[in-house]
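Next up, protein_37.cif (mmCIF, C-alpha atoms):
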data_start
loop_
_atom_site.label_atom_id
_atom_site.label_comp_id
_atom_site.auth_asym_id
_atom_site.auth_seq_id
_atom_site.Cartn_x
_atom_site.Cartn_y
_atom_site.Cartn_z
CA MET W 340 -18.02 -33.59 18.92
CA LEU W 341 -16.49 -34.71 22.18
CA ARG W 342 -13.54 -37.10 22.47
CA ILE W 343 -11.54 -38.00 25.54
CA TYR W 344 -8.10 -39.60 25.29
CA LYS W 345 -5.43 -40.69 27.72
CA ASN W 346 -1.90 -41.45 26.59
CA ASP W 347 1.24 -42.13 28.59
CA GLY W 348 3.46 -42.53 25.55
CA ILE W 349 2.78 -46.26 25.31
CA ASN W 350 -0.89 -46.89 26.00
CA TYR W 351 -3.32 -44.78 24.00
CA GLN W 352 -6.90 -45.13 25.23
CA GLU W 353 -10.18 -43.43 24.46
CA HIS W 354 -12.57 -42.78 27.35
CA ASP W 355 -16.12 -41.59 27.70
CA LEU W 356 -17.31 -38.72 29.82
CA LYS W 357 -18.27 -40.99 32.71
CA SER W 358 -14.76 -42.41 32.92
CA LEU W 359 -12.99 -39.05 32.71
CA THR W 360 -9.90 -39.37 34.87
CA ARG W 361 -6.83 -37.37 35.79
CA ASN W 362 -4.28 -36.68 33.04
CA ALA W 363 -6.86 -37.12 30.27
CA TRP W 364 -7.08 -34.99 27.15
CA VAL W 365 -10.53 -33.66 26.27
CA ASN W 366 -10.86 -32.69 22.60
CA LEU W 367 -13.93 -30.61 21.67
CA VAL W 368 -14.72 -29.91 18.01
CA ASN W 369 -17.67 -27.57 17.40
CA PRO W 370 -19.23 -28.77 20.66
CA ALA W 371 -22.90 -28.51 21.52
CA PRO W 372 -23.86 -26.20 24.42
CA ASP W 373 -24.72 -29.14 26.68
CA GLU W 374 -21.27 -30.68 26.03
CA LEU W 375 -19.60 -27.45 27.09
CA VAL W 376 -21.61 -27.35 30.31
CA LEU W 377 -20.81 -30.99 31.12
CA ILE W 378 -17.07 -30.53 30.55
CA ALA W 379 -17.06 -27.32 32.57
CA GLU W 380 -18.70 -29.16 35.48
CA LYS W 381 -16.49 -32.25 35.21
CA THR W 382 -13.20 -30.36 35.00
CA ASN W 383 -14.07 -27.30 37.12
CA CYS W 384 -13.14 -25.14 34.14
CA PRO W 385 -14.76 -21.74 33.55
CA LEU W 386 -17.39 -22.03 30.83
CA ASP W 387 -16.15 -18.81 29.22
CA PHE W 388 -12.77 -20.44 28.59
CA LEU W 389 -14.43 -23.23 26.62
CA LYS W 390 -16.56 -20.81 24.60
CA ALA W 391 -13.67 -18.47 23.72
CA ALA W 392 -12.38 -20.53 20.78
CA LEU W 393 -15.87 -20.81 19.26
CA ASP W 394 -15.74 -17.17 18.15
CA GLU W 395 -13.96 -16.91 14.78
CA GLU W 396 -12.93 -13.32 15.53
CA GLU W 397 -11.37 -14.10 18.93
CA ARG W 398 -7.79 -12.88 19.26
CA PRO W 399 -4.91 -15.00 20.66
CA ARG W 400 -4.30 -14.39 24.33
CA ILE W 401 -3.61 -15.98 27.73
CA GLU W 402 -6.07 -15.86 30.61
CA ILE W 403 -5.64 -17.30 34.09
CA GLU W 404 -8.59 -17.68 36.39
CA ASP W 405 -8.75 -19.70 39.63
CA ASP W 406 -7.32 -23.12 38.80
CA SER W 407 -7.50 -22.89 35.01
CA ALA W 408 -5.38 -21.31 32.31
CA LEU W 409 -6.58 -20.51 28.79
CA ILE W 410 -4.07 -20.32 25.96
CA LEU W 411 -5.82 -19.15 22.79
CA ILE W 412 -3.93 -19.22 19.49
CA ASN W 413 -4.75 -19.12 15.78
CA ILE W 414 -3.91 -22.18 13.72
CA PRO W 415 -3.67 -22.36 9.90
CA VAL W 416 -6.23 -24.21 7.78
CA MET W 417 -6.27 -24.90 4.05
CA LEU W 418 -9.73 -24.32 2.56
CA SER W 419 -8.74 -25.14 -1.03
CA GLU W 420 -5.64 -25.32 -3.18
CA THR W 421 -5.30 -21.54 -3.27
CA SER W 422 -7.37 -20.48 -0.25
CA TYR W 423 -6.01 -20.37 3.30
CA ASP W 424 -7.42 -19.13 6.58
CA THR W 425 -6.88 -19.33 10.33
CA LEU W 426 -9.02 -20.66 13.16
CA PRO W 427 -8.93 -20.04 16.90
CA LEU W 428 -7.75 -23.01 18.96
CA GLY W 429 -8.36 -22.86 22.69
CA ILE W 430 -6.14 -24.89 25.03
CA VAL W 431 -7.33 -25.00 28.61
CA ILE W 432 -5.08 -26.40 31.32
CA THR W 433 -6.53 -27.46 34.65
CA PRO W 434 -4.73 -29.15 37.58
CA GLU W 435 -5.91 -32.54 36.28
CA ASN W 436 -6.67 -32.29 32.56
CA ILE W 437 -5.91 -30.53 29.31
CA ILE W 438 -8.77 -29.44 27.03
CA THR W 439 -8.65 -28.35 23.38
CA VAL W 440 -11.55 -26.53 21.73
CA CYS W 441 -11.94 -25.67 18.04
CA LEU W 442 -14.73 -24.98 15.60
CA GLU W 443 -13.48 -27.57 13.08
CA ASN W 444 -11.37 -30.66 12.81
CA ASN W 445 -7.90 -29.41 12.03
CA PRO W 446 -4.60 -31.03 11.06
CA VAL W 447 -2.75 -29.64 14.09
CA VAL W 448 -4.83 -31.54 16.66
CA LEU W 449 -5.23 -34.58 14.39
CA GLU W 450 -1.44 -35.04 14.48
CA PHE W 451 -1.80 -36.30 18.05
CA ASN W 452 -3.30 -39.72 17.49
CA GLU W 453 -2.74 -43.38 18.25
CA TYR W 454 -0.08 -43.74 15.56
CA ASN W 455 1.99 -40.96 17.12
CA ARG W 456 1.35 -41.96 20.73
CA ARG W 457 5.07 -42.20 21.54
CA SER W 458 5.61 -38.54 20.72
CA PHE W 459 3.33 -37.03 23.38
CA ASN W 460 2.03 -37.66 26.87
CA THR W 461 -1.27 -36.22 28.09
CA ALA W 462 -0.02 -36.34 31.69
CA LYS W 463 2.73 -33.83 30.84
CA ARG W 464 0.29 -31.05 30.14
CA THR W 465 2.76 -28.19 29.72
CA ARG W 466 4.91 -30.16 27.30
CA PHE W 467 1.78 -31.28 25.43
CA LEU W 468 0.75 -27.62 25.15
CA PHE W 469 4.13 -26.67 23.67
CA GLN W 470 3.95 -29.59 21.24
CA ILE W 471 0.60 -28.32 19.98
CA LEU W 472 2.11 -24.86 19.53
CA TYR W 473 5.07 -26.38 17.69
CA LYS W 474 2.80 -28.33 15.34
CA SER W 475 0.85 -25.16 14.61
CA ALA W 476 4.06 -23.30 13.70
CA THR W 477 5.23 -26.15 11.46
CA TYR W 478 1.90 -26.15 9.60
CA TYR W 479 2.26 -22.41 8.99
CA LEU W 480 5.66 -23.11 7.44
CA ARG W 481 4.27 -26.00 5.39
CA TYR W 482 1.43 -23.93 3.99
CA LEU W 483 3.77 -21.04 3.26
CA ARG W 484 5.95 -23.33 1.16
CA GLN W 485 2.85 -24.48 -0.69
CA ILE W 486 1.88 -20.85 -1.31
CA SER W 487 5.37 -20.16 -2.64
CA ARG W 488 5.13 -23.06 -5.12
CA LEU W 489 1.63 -22.02 -6.17
CA SER W 490 2.67 -18.42 -6.77
CA GLU W 491 5.55 -19.62 -8.97
CA GLN W 492 3.17 -21.78 -11.00
CA ILE W 493 0.67 -18.92 -11.32
CA GLU W 494 3.48 -16.66 -12.53
CA VAL W 495 4.38 -19.20 -15.23
CA ASP W 496 0.72 -19.44 -16.27
CA LEU W 497 0.40 -15.66 -16.42
CA ARG W 498 3.42 -15.41 -18.70
CA ARG W 499 1.68 -17.74 -21.16
CA THR W 500 -1.85 -16.39 -20.95
CA MET W 501 -3.30 -13.65 -18.79
CA LYS W 502 -6.71 -14.68 -17.59
CA ASN W 503 -8.84 -13.58 -14.67
CA LYS W 504 -8.52 -17.04 -13.10
CA GLN W 505 -4.83 -16.57 -12.28
CA LEU W 506 -5.44 -13.08 -10.93
CA PHE W 507 -8.21 -14.38 -8.66
CA GLU W 508 -5.88 -17.12 -7.44
CA LEU W 509 -3.24 -14.49 -6.61
CA MET W 510 -5.88 -12.51 -4.75
CA ASP W 511 -6.84 -15.60 -2.69
CA LEU W 512 -3.19 -16.25 -1.82
CA GLN W 513 -2.70 -12.64 -0.75
CA GLN W 514 -5.77 -12.84 1.44
CA GLY W 515 -4.47 -16.01 3.09
CA LEU W 516 -1.08 -14.39 3.73
CA THR W 517 -2.82 -11.43 5.35
CA TYR W 518 -4.57 -13.78 7.77
CA PHE W 519 -1.30 -15.60 8.44
CA THR W 520 0.57 -12.36 9.16
CA SER W 521 -1.92 -11.18 11.75
CA SER W 522 -2.22 -14.60 13.41
CA LEU W 523 1.51 -15.31 13.57
CA ARG W 524 2.27 -11.98 15.21
CA SER W 525 -0.49 -12.50 17.78
CA ASN W 526 0.72 -16.05 18.43
CA GLY W 527 4.23 -14.69 18.93
CA ILE W 528 2.97 -12.41 21.70
CA VAL W 529 1.31 -15.40 23.39
CA MET W 530 4.51 -17.46 23.20
CA ASP W 531 6.64 -14.64 24.59
CA ARG W 532 4.26 -14.37 27.52
CA LEU W 533 4.46 -18.13 28.08
CA LEU W 534 8.24 -17.79 28.25
CA ARG W 535 7.92 -15.08 30.91
CA ILE W 536 5.21 -16.88 32.86
CA ARG W 537 7.69 -19.28 34.45
CA SER W 538 8.42 -16.69 37.13
CA ASN W 539 4.73 -16.19 37.93
CA ASN W 540 3.91 -18.03 41.13
CA GLN W 541 0.18 -17.65 40.49
CA CYS W 542 0.12 -20.18 37.66
CA ARG W 543 3.19 -22.28 38.43
CA HIS W 544 0.95 -25.15 39.55
CA LEU W 545 -0.77 -25.10 36.12
CA ILE W 546 2.09 -24.38 33.73
CA GLN W 547 5.25 -26.03 35.01
CA ILE W 548 8.07 -25.23 32.63
CA HIS W 549 10.99 -27.60 33.06
CA GLU W 550 14.31 -27.21 31.31
CA GLU W 551 13.39 -29.49 28.38
CA ASP W 552 10.03 -27.75 28.09
CA GLU W 553 11.75 -24.39 27.98
CA ASP W 554 13.95 -25.60 25.11
CA LEU W 555 10.84 -26.77 23.25
CA LEU W 556 9.13 -23.41 23.79
CA GLU W 557 12.20 -21.61 22.46
CA ASP W 558 12.05 -23.86 19.38
CA VAL W 559 8.39 -22.90 18.96
CA ILE W 560 9.27 -19.21 19.14
CA ILE W 561 12.06 -19.68 16.57
CA GLU W 562 9.70 -21.51 14.20
CA ASN W 563 7.04 -18.84 14.66
CA ASN W 564 9.53 -16.04 13.98
CA GLN W 565 10.71 -17.86 10.85
CA ALA W 566 7.10 -18.15 9.69
CA VAL W 567 6.60 -14.40 10.31
CA GLN W 568 9.64 -13.56 8.17
CA MET W 569 8.53 -15.93 5.42
CA VAL W 570 4.97 -14.63 5.31
CA GLU W 571 6.19 -11.03 5.12
CA MET W 572 8.57 -11.92 2.27
CA TYR W 573 5.92 -13.86 0.34
CA SER W 574 3.42 -11.06 0.87
CA ARG W 575 5.81 -8.57 -0.72
CA ILE W 576 6.55 -10.97 -3.58
CA LEU W 577 2.86 -11.54 -4.31
CA THR W 578 2.11 -7.83 -4.07
CA ASN W 579 4.90 -6.99 -6.51
CA LEU W 580 3.82 -9.84 -8.79
CA THR W 581 0.21 -8.66 -8.81
CA ASP W 582 1.23 -5.04 -9.46
CA THR W 583 3.60 -6.08 -12.24
CA PHE W 584 1.05 -8.16 -14.11
CA ALA W 585 -1.63 -5.54 -13.58
CA SER W 586 0.69 -3.06 -15.26
CA ILE W 587 1.39 -5.52 -18.07
CA ILE W 588 -2.32 -6.11 -18.62
CA SER W 589 -2.95 -2.36 -18.65
CA ASN W 590 -0.10 -1.83 -21.10
CA ASN W 591 -1.41 -4.61 -23.36
CA LEU W 592 -4.83 -3.01 -23.28
CA ASN W 593 -3.33 0.33 -24.29
CA MET W 594 -1.51 -1.33 -27.20
CA VAL W 595 -4.70 -3.01 -28.38
CA MET W 596 -6.64 0.26 -28.15
CA LYS W 597 -3.88 2.08 -30.04
CA PHE W 598 -3.92 -0.56 -32.79
CA LEU W 599 -7.71 -0.43 -33.08
CA THR W 600 -7.64 3.36 -33.21
CA SER W 601 -5.02 3.28 -35.97
CA MET W 602 -7.03 0.75 -37.96
CA THR W 603 -10.12 2.93 -37.56
CA ILE W 604 -8.23 5.91 -39.02
CA ILE W 605 -6.88 3.82 -41.93
CA LEU W 606 -10.30 2.38 -42.79
CA ALA W 607 -11.96 5.79 -42.47
CA ILE W 608 -9.84 7.33 -45.27
CA PRO W 609 -11.11 5.21 -48.23
CA THR W 610 -14.60 5.33 -46.76
CA MET W 611 -14.49 9.12 -46.69
CA ILE W 612 -13.17 9.37 -50.29
CA ALA W 613 -15.74 6.88 -51.53
CA SER W 614 -18.44 8.93 -49.80
CA PHE W 615 -17.40 12.06 -51.64
CA TRP W 616 -17.72 10.32 -55.03
CA GLY W 617 -20.99 8.72 -54.00
CA MET W 618 -22.84 12.05 -53.73
CA ASN W 619 -25.78 12.80 -56.03
CA VAL W 620 -23.98 15.81 -57.53
CA ASN W 621 -21.52 16.33 -60.34
CA VAL W 622 -18.10 15.02 -59.32
CA PRO W 623 -14.85 14.55 -61.32
CA PHE W 624 -14.69 11.49 -63.60
CA ARG W 625 -18.46 11.03 -63.44
CA ASP W 626 -19.15 11.01 -67.17
CA SER W 627 -15.98 12.11 -68.96
CA ASN W 628 -13.57 9.33 -68.03
CA PRO W 629 -14.32 5.60 -68.29
CA TYR W 630 -11.50 4.93 -65.80
CA GLY W 631 -12.91 7.17 -63.11
CA PHE W 632 -13.47 4.31 -60.68
CA VAL W 633 -9.84 3.25 -61.03
CA PHE W 634 -8.67 6.82 -60.38
CA VAL W 635 -10.83 7.08 -57.26
CA VAL W 636 -9.51 3.77 -55.94
CA ALA W 637 -5.95 4.84 -56.70
CA ILE W 638 -6.43 8.13 -54.86
CA ALA W 639 -7.90 6.30 -51.85
CA ALA W 640 -5.03 3.79 -51.86
CA LEU W 641 -2.44 6.56 -52.11
CA VAL W 642 -3.88 8.59 -49.24
CA THR W 643 -4.35 5.43 -47.14
CA GLY W 644 -0.77 4.30 -47.82
CA THR W 645 0.52 7.74 -46.83
CA ALA W 646 -1.43 7.54 -43.55
CA VAL W 647 -0.06 4.04 -42.83
CA TYR W 648 3.49 5.25 -43.52
CA ILE W 649 3.09 8.19 -41.12
CA LEU W 650 1.64 5.96 -38.39
CA ILE W 651 4.48 3.46 -38.76
CA ARG W 652 7.14 6.20 -38.71
CA ARG W 653 5.65 7.54 -35.47
CA LYS W 654 5.50 3.98 -34.05
CA ILE W 655 1.78 4.25 -33.55
CA LEU W 656 0.97 1.24 -35.72
#

Can you turn what I pasted into C-alpha cells?
Amino acid sequence: MLRIYKNDGINYQEHDLKSLTRNAWVNLVNPAPDELVLIAEKTNCPLDFLKAALDEEERPRIEIEDDSALILINIPVMLSETSYDTLPLGIVITPENIITVCLENNPVVLEFNEYNRRSFNTAKRTRFLFQILYKSATYYLRYLRQISRLSEQIEVDLRRTMKNKQLFELMDLQQGLTYFTSSLRSNGIVMDRLLRIRSNNQCRHLIQIHEEDEDLLEDVIIENNQAVQMVEMYSRILTNLTDTFASIISNNLNMVMKFLTSMTIILAIPTMIASFWGMNVNVPFRDSNPYGFVFVVAIAALVTGTAVYILIRRKIL
C-alpha cells in the first residue's frame, strides 16, 4: 500500500505518485516491488533503504548514503490480548521528502492523520522523525501498563484455579517482554547516535537538529529509558510469578500423589486380609465359629485403623 500526504499543520492533503512534491510524506505499508522501485526513482532514495524494514529480523540502526539517511527502529504491536511483538519501521529522510516503510499498518504511524494534523508538519522532517520515535516510545509504555494489569489479573485467576490457560498466557506475556527488551535497547542505541549526529557535517543537510528538536529527542530518550526499566522490572515479576506458581503446582501434585499413595496402602490392608481368608485351605473360623466373618472384618478394621493412625501421626495423610 502506498499513500502520500502533505501537511503544514493546517492543511492536510493526500497526493498521488504523479503529484509527489517537496515536503511530502510517503507512507509504504507492505509495498509491492514495483512500488518500491517507483518511490526509489521519484525520491532518489537507495532501494536498499526501502527494503530494509521489510525484513522482520532486521536490527535497528542508522545508515547514511549519498543524500539519504535511514533510521530503522522497532515499534511495538499488539497481536492479541496477551500476545505482543515488535516490527521494524524504516524512516528514510531525503533532502525533499520523508518516507516510512513497514510490513503492517501500525498504531504508531496511524497516529499521524488528518485529525491530528496540527501536531506535526511533514516539511519539518527532523522534528517529524522525532515525533514518530516519541510515539513509538509511548506505545511501548502503554503496552507495558497493559501487560502489568494482565499479569495481575492472571495472578488472581491462578490463585482461584490453576489451569494451563493462565500459564500459557503468562508464557505469551514473557515472550512479548523479551521482544520489547531487545527492541528498546536497540532503539536506545539509535537515539543516542541521533543525539551525537548533530556534530556530523556529512548529514547536517538531512538531519537538522534545532534546539526544540533536541529537547524533543531528549524526551524520546527519557521515555525509552523509562520503558527499558519498566520492561526489565515486569520481566522479573513475571519470571518470579511463573516460578512461584510452577512450584505451587508441583507441590500440589506431590500432595495429591502422597494422598493417593496413603489411600492405596489403607485399601490394601483389608484386601490382603480378605485374601488370606478367601484361600481354598483350612483357615481359622472356617467351620467352628458362626461369627468368623465378623471376626475377620473386625481384624481388618483394627489393622486398617492402626495404619490410618500411624499415617496421620506422621502427617502423611

What would the selection look like, as JSON, numbers by chain, if the PyMOL selection byres ((chain W and resi 360-364) around 7) were run on the coordinates I just shared?
{"W": [343, 344, 345, 358, 359, 365, 366, 435, 436, 437, 438, 461, 462]}

Which residues would end up in the selection if the PyMOL selection byres ((chain W and resi 568) around 12) were applied here, given that I need the answer as a PyMOL selection string?
chain W and resi 479-480+483+516+519-520+523-524+561-567+569-575

Atomic distance atom CA of W:Glu494 - atom CA of W:Asn579, expressed in Å with one decimal:
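Atom CA of W:Asn579 lies at a distance of 11.5 Å from atom CA of W:Glu494.
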
Tell me which residues the PyMOL selection byres ((chain W and resi 383-388) around 12) grabs here, as a PDB file with C-alpha atoms, in the coordinates of the input.
ATOM      1  CA  VAL W 365     -10.530 -33.660  26.270  1.00  0.00           C
ATOM      2  CA  PRO W 372     -23.860 -26.200  24.420  1.00  0.00           C
ATOM      3  CA  ASP W 373     -24.720 -29.140  26.680  1.00  0.00           C
ATOM      4  CA  GLU W 374     -21.270 -30.680  26.030  1.00  0.00           C
ATOM      5  CA  LEU W 375     -19.600 -27.450  27.090  1.00  0.00           C
ATOM      6  CA  VAL W 376     -21.610 -27.350  30.310  1.00  0.00           C
ATOM      7  CA  LEU W 377     -20.810 -30.990  31.120  1.00  0.00           C
ATOM      8  CA  ILE W 378     -17.070 -30.530  30.550  1.00  0.00           C
ATOM      9  CA  ALA W 379     -17.060 -27.320  32.570  1.00  0.00           C
ATOM     10  CA  GLU W 380     -18.700 -29.160  35.480  1.00  0.00           C
ATOM     11  CA  LYS W 381     -16.490 -32.250  35.210  1.00  0.00           C
ATOM     12  CA  THR W 382     -13.200 -30.360  35.000  1.00  0.00           C
ATOM     13  CA  LEU W 389     -14.430 -23.230  26.620  1.00  0.00           C
ATOM     14  CA  LYS W 390     -16.560 -20.810  24.600  1.00  0.00           C
ATOM     15  CA  ALA W 391     -13.670 -18.470  23.720  1.00  0.00           C
ATOM     16  CA  ALA W 392     -12.380 -20.530  20.780  1.00  0.00           C
ATOM     17  CA  LEU W 393     -15.870 -20.810  19.260  1.00  0.00           C
ATOM     18  CA  ASP W 394     -15.740 -17.170  18.150  1.00  0.00           C
ATOM     19  CA  GLU W 397     -11.370 -14.100  18.930  1.00  0.00           C
ATOM     20  CA  ARG W 400      -4.300 -14.390  24.330  1.00  0.00           C
ATOM     21  CA  ILE W 401      -3.610 -15.980  27.730  1.00  0.00           C
ATOM     22  CA  GLU W 402      -6.070 -15.860  30.610  1.00  0.00           C
ATOM     23  CA  ILE W 403      -5.640 -17.300  34.090  1.00  0.00           C
ATOM     24  CA  GLU W 404      -8.590 -17.680  36.390  1.00  0.00           C
ATOM     25  CA  ASP W 405      -8.750 -19.700  39.630  1.00  0.00           C
ATOM     26  CA  ASP W 406      -7.320 -23.120  38.800  1.00  0.00           C
ATOM     27  CA  SER W 407      -7.500 -22.890  35.010  1.00  0.00           C
ATOM     28  CA  ALA W 408      -5.380 -21.310  32.310  1.00  0.00           C
ATOM     29  CA  LEU W 409      -6.580 -20.510  28.790  1.00  0.00           C
ATOM     30  CA  ILE W 410      -4.070 -20.320  25.960  1.00  0.00           C
ATOM     31  CA  LEU W 411      -5.820 -19.150  22.790  1.00  0.00           C
ATOM     32  CA  LEU W 428      -7.750 -23.010  18.960  1.00  0.00           C
ATOM     33  CA  GLY W 429      -8.360 -22.860  22.690  1.00  0.00           C
ATOM     34  CA  ILE W 430      -6.140 -24.890  25.030  1.00  0.00           C
ATOM     35  CA  VAL W 431      -7.330 -25.000  28.610  1.00  0.00           C
ATOM     36  CA  ILE W 432      -5.080 -26.400  31.320  1.00  0.00           C
ATOM     37  CA  THR W 433      -6.530 -27.460  34.650  1.00  0.00           C
ATOM     38  CA  PRO W 434      -4.730 -29.150  37.580  1.00  0.00           C
ATOM     39  CA  GLU W 435      -5.910 -32.540  36.280  1.00  0.00           C
ATOM     40  CA  ASN W 436      -6.670 -32.290  32.560  1.00  0.00           C
ATOM     41  CA  ILE W 437      -5.910 -30.530  29.310  1.00  0.00           C
ATOM     42  CA  ILE W 438      -8.770 -29.440  27.030  1.00  0.00           C
ATOM     43  CA  THR W 439      -8.650 -28.350  23.380  1.00  0.00           C
ATOM     44  CA  VAL W 440     -11.550 -26.530  21.730  1.00  0.00           C
ATOM     45  CA  CYS W 441     -11.940 -25.670  18.040  1.00  0.00           C
TER      46      CYS W 441
END

Atom-to-atom span, atom CA of W:Leu367 and atom CA of W:Leu341, Å
4.9 Å

Mind listing as a list of chain:residue names all residues within 8 Å of (-2.0, -12.7, 22.2), counting all atoms listed in the file?
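The answer, in the requested form, is W:Arg398, W:Pro399, W:Arg400, W:Ile401, W:Leu411, W:Ile412, W:Ser525, W:Asn526, W:Gly527, W:Ile528, W:Val529.
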
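If you look at atom CA of W:Tyr351 and atom CA of W:Phe451, they are 10.5 Å away from each other.
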
What lies within 9 Å of W:Leu426 using all atoms listed in the file, ignoring chain neighbours under 3 positions off, as a ChimeraX atom specification?
/W:392,395-396,412-416,441-443,445

Using all atoms listed in the file, find the one residue out of W:Val636, W:Ala585, W:Leu356, W:Leu509 that sits nearest to W:Tyr423.
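Counting all atoms listed in the file, the residue closest to W:Tyr423 is W:Leu509.
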
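Proximity to W:Gln492 was assessed for W:Ile560, W:Gln505, W:Gly348, W:Asp531 counting all atoms listed in the file; the smallest distance is recorded for W:Gln505.
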
Top pick for closest residue to W:Asp511, considering W:Ile486, W:Met340, W:Ala371, W:Met594 and counting all atoms listed in the file
W:Ile486

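Proximity ranking of W:Thr517, W:Asn346, W:Asn503, W:Tyr473 relative to W:Asn452 places W:Asn346 first, based on only C-alpha atoms.
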
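With only C-alpha atoms as the atoms that count, the minimum distance from W:Val559 to the choices W:Asn591, W:Thr603, W:Ser490, W:Ser475 is reached by W:Ser475.
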
For stretch 547-552 of chain W, list every protein, DNA or RNA residue within 10 Å, evaluated using only C-alpha atoms, and leave out those in the same chain fewer than 5 positions away; present the list as an MDAnalysis selection string.
chainID W and resid 463:470 533:534 536:538 542 557:558

Please produce a file of the residues just selected, as a short mmCIF file (atom, residue, chain, number, x, y, z; two decimals), keeping the file's coordinate frame, where the atoms kept are C-alpha atoms.
data_model
loop_
_atom_site.label_atom_id
_atom_site.label_comp_id
_atom_site.auth_asym_id
_atom_site.auth_seq_id
_atom_site.Cartn_x
_atom_site.Cartn_y
_atom_site.Cartn_z
CA LYS W 463 2.73 -33.83 30.84
CA ARG W 464 0.29 -31.05 30.14
CA THR W 465 2.76 -28.19 29.72
CA ARG W 466 4.91 -30.16 27.30
CA PHE W 467 1.78 -31.28 25.43
CA LEU W 468 0.75 -27.62 25.15
CA PHE W 469 4.13 -26.67 23.67
CA GLN W 470 3.95 -29.59 21.24
CA LEU W 533 4.46 -18.13 28.08
CA LEU W 534 8.24 -17.79 28.25
CA ILE W 536 5.21 -16.88 32.86
CA ARG W 537 7.69 -19.28 34.45
CA SER W 538 8.42 -16.69 37.13
CA CYS W 542 0.12 -20.18 37.66
CA GLU W 557 12.20 -21.61 22.46
CA ASP W 558 12.05 -23.86 19.38
#

What's around stretch 610-614 of chain W at 9 Å? Count all atoms listed in the file, leave out sequence neighbours fewer than 4 positions away in its own chain, and write the answer as a PyMOL selection string.
chain W and resi 606+618+635-636+638-639
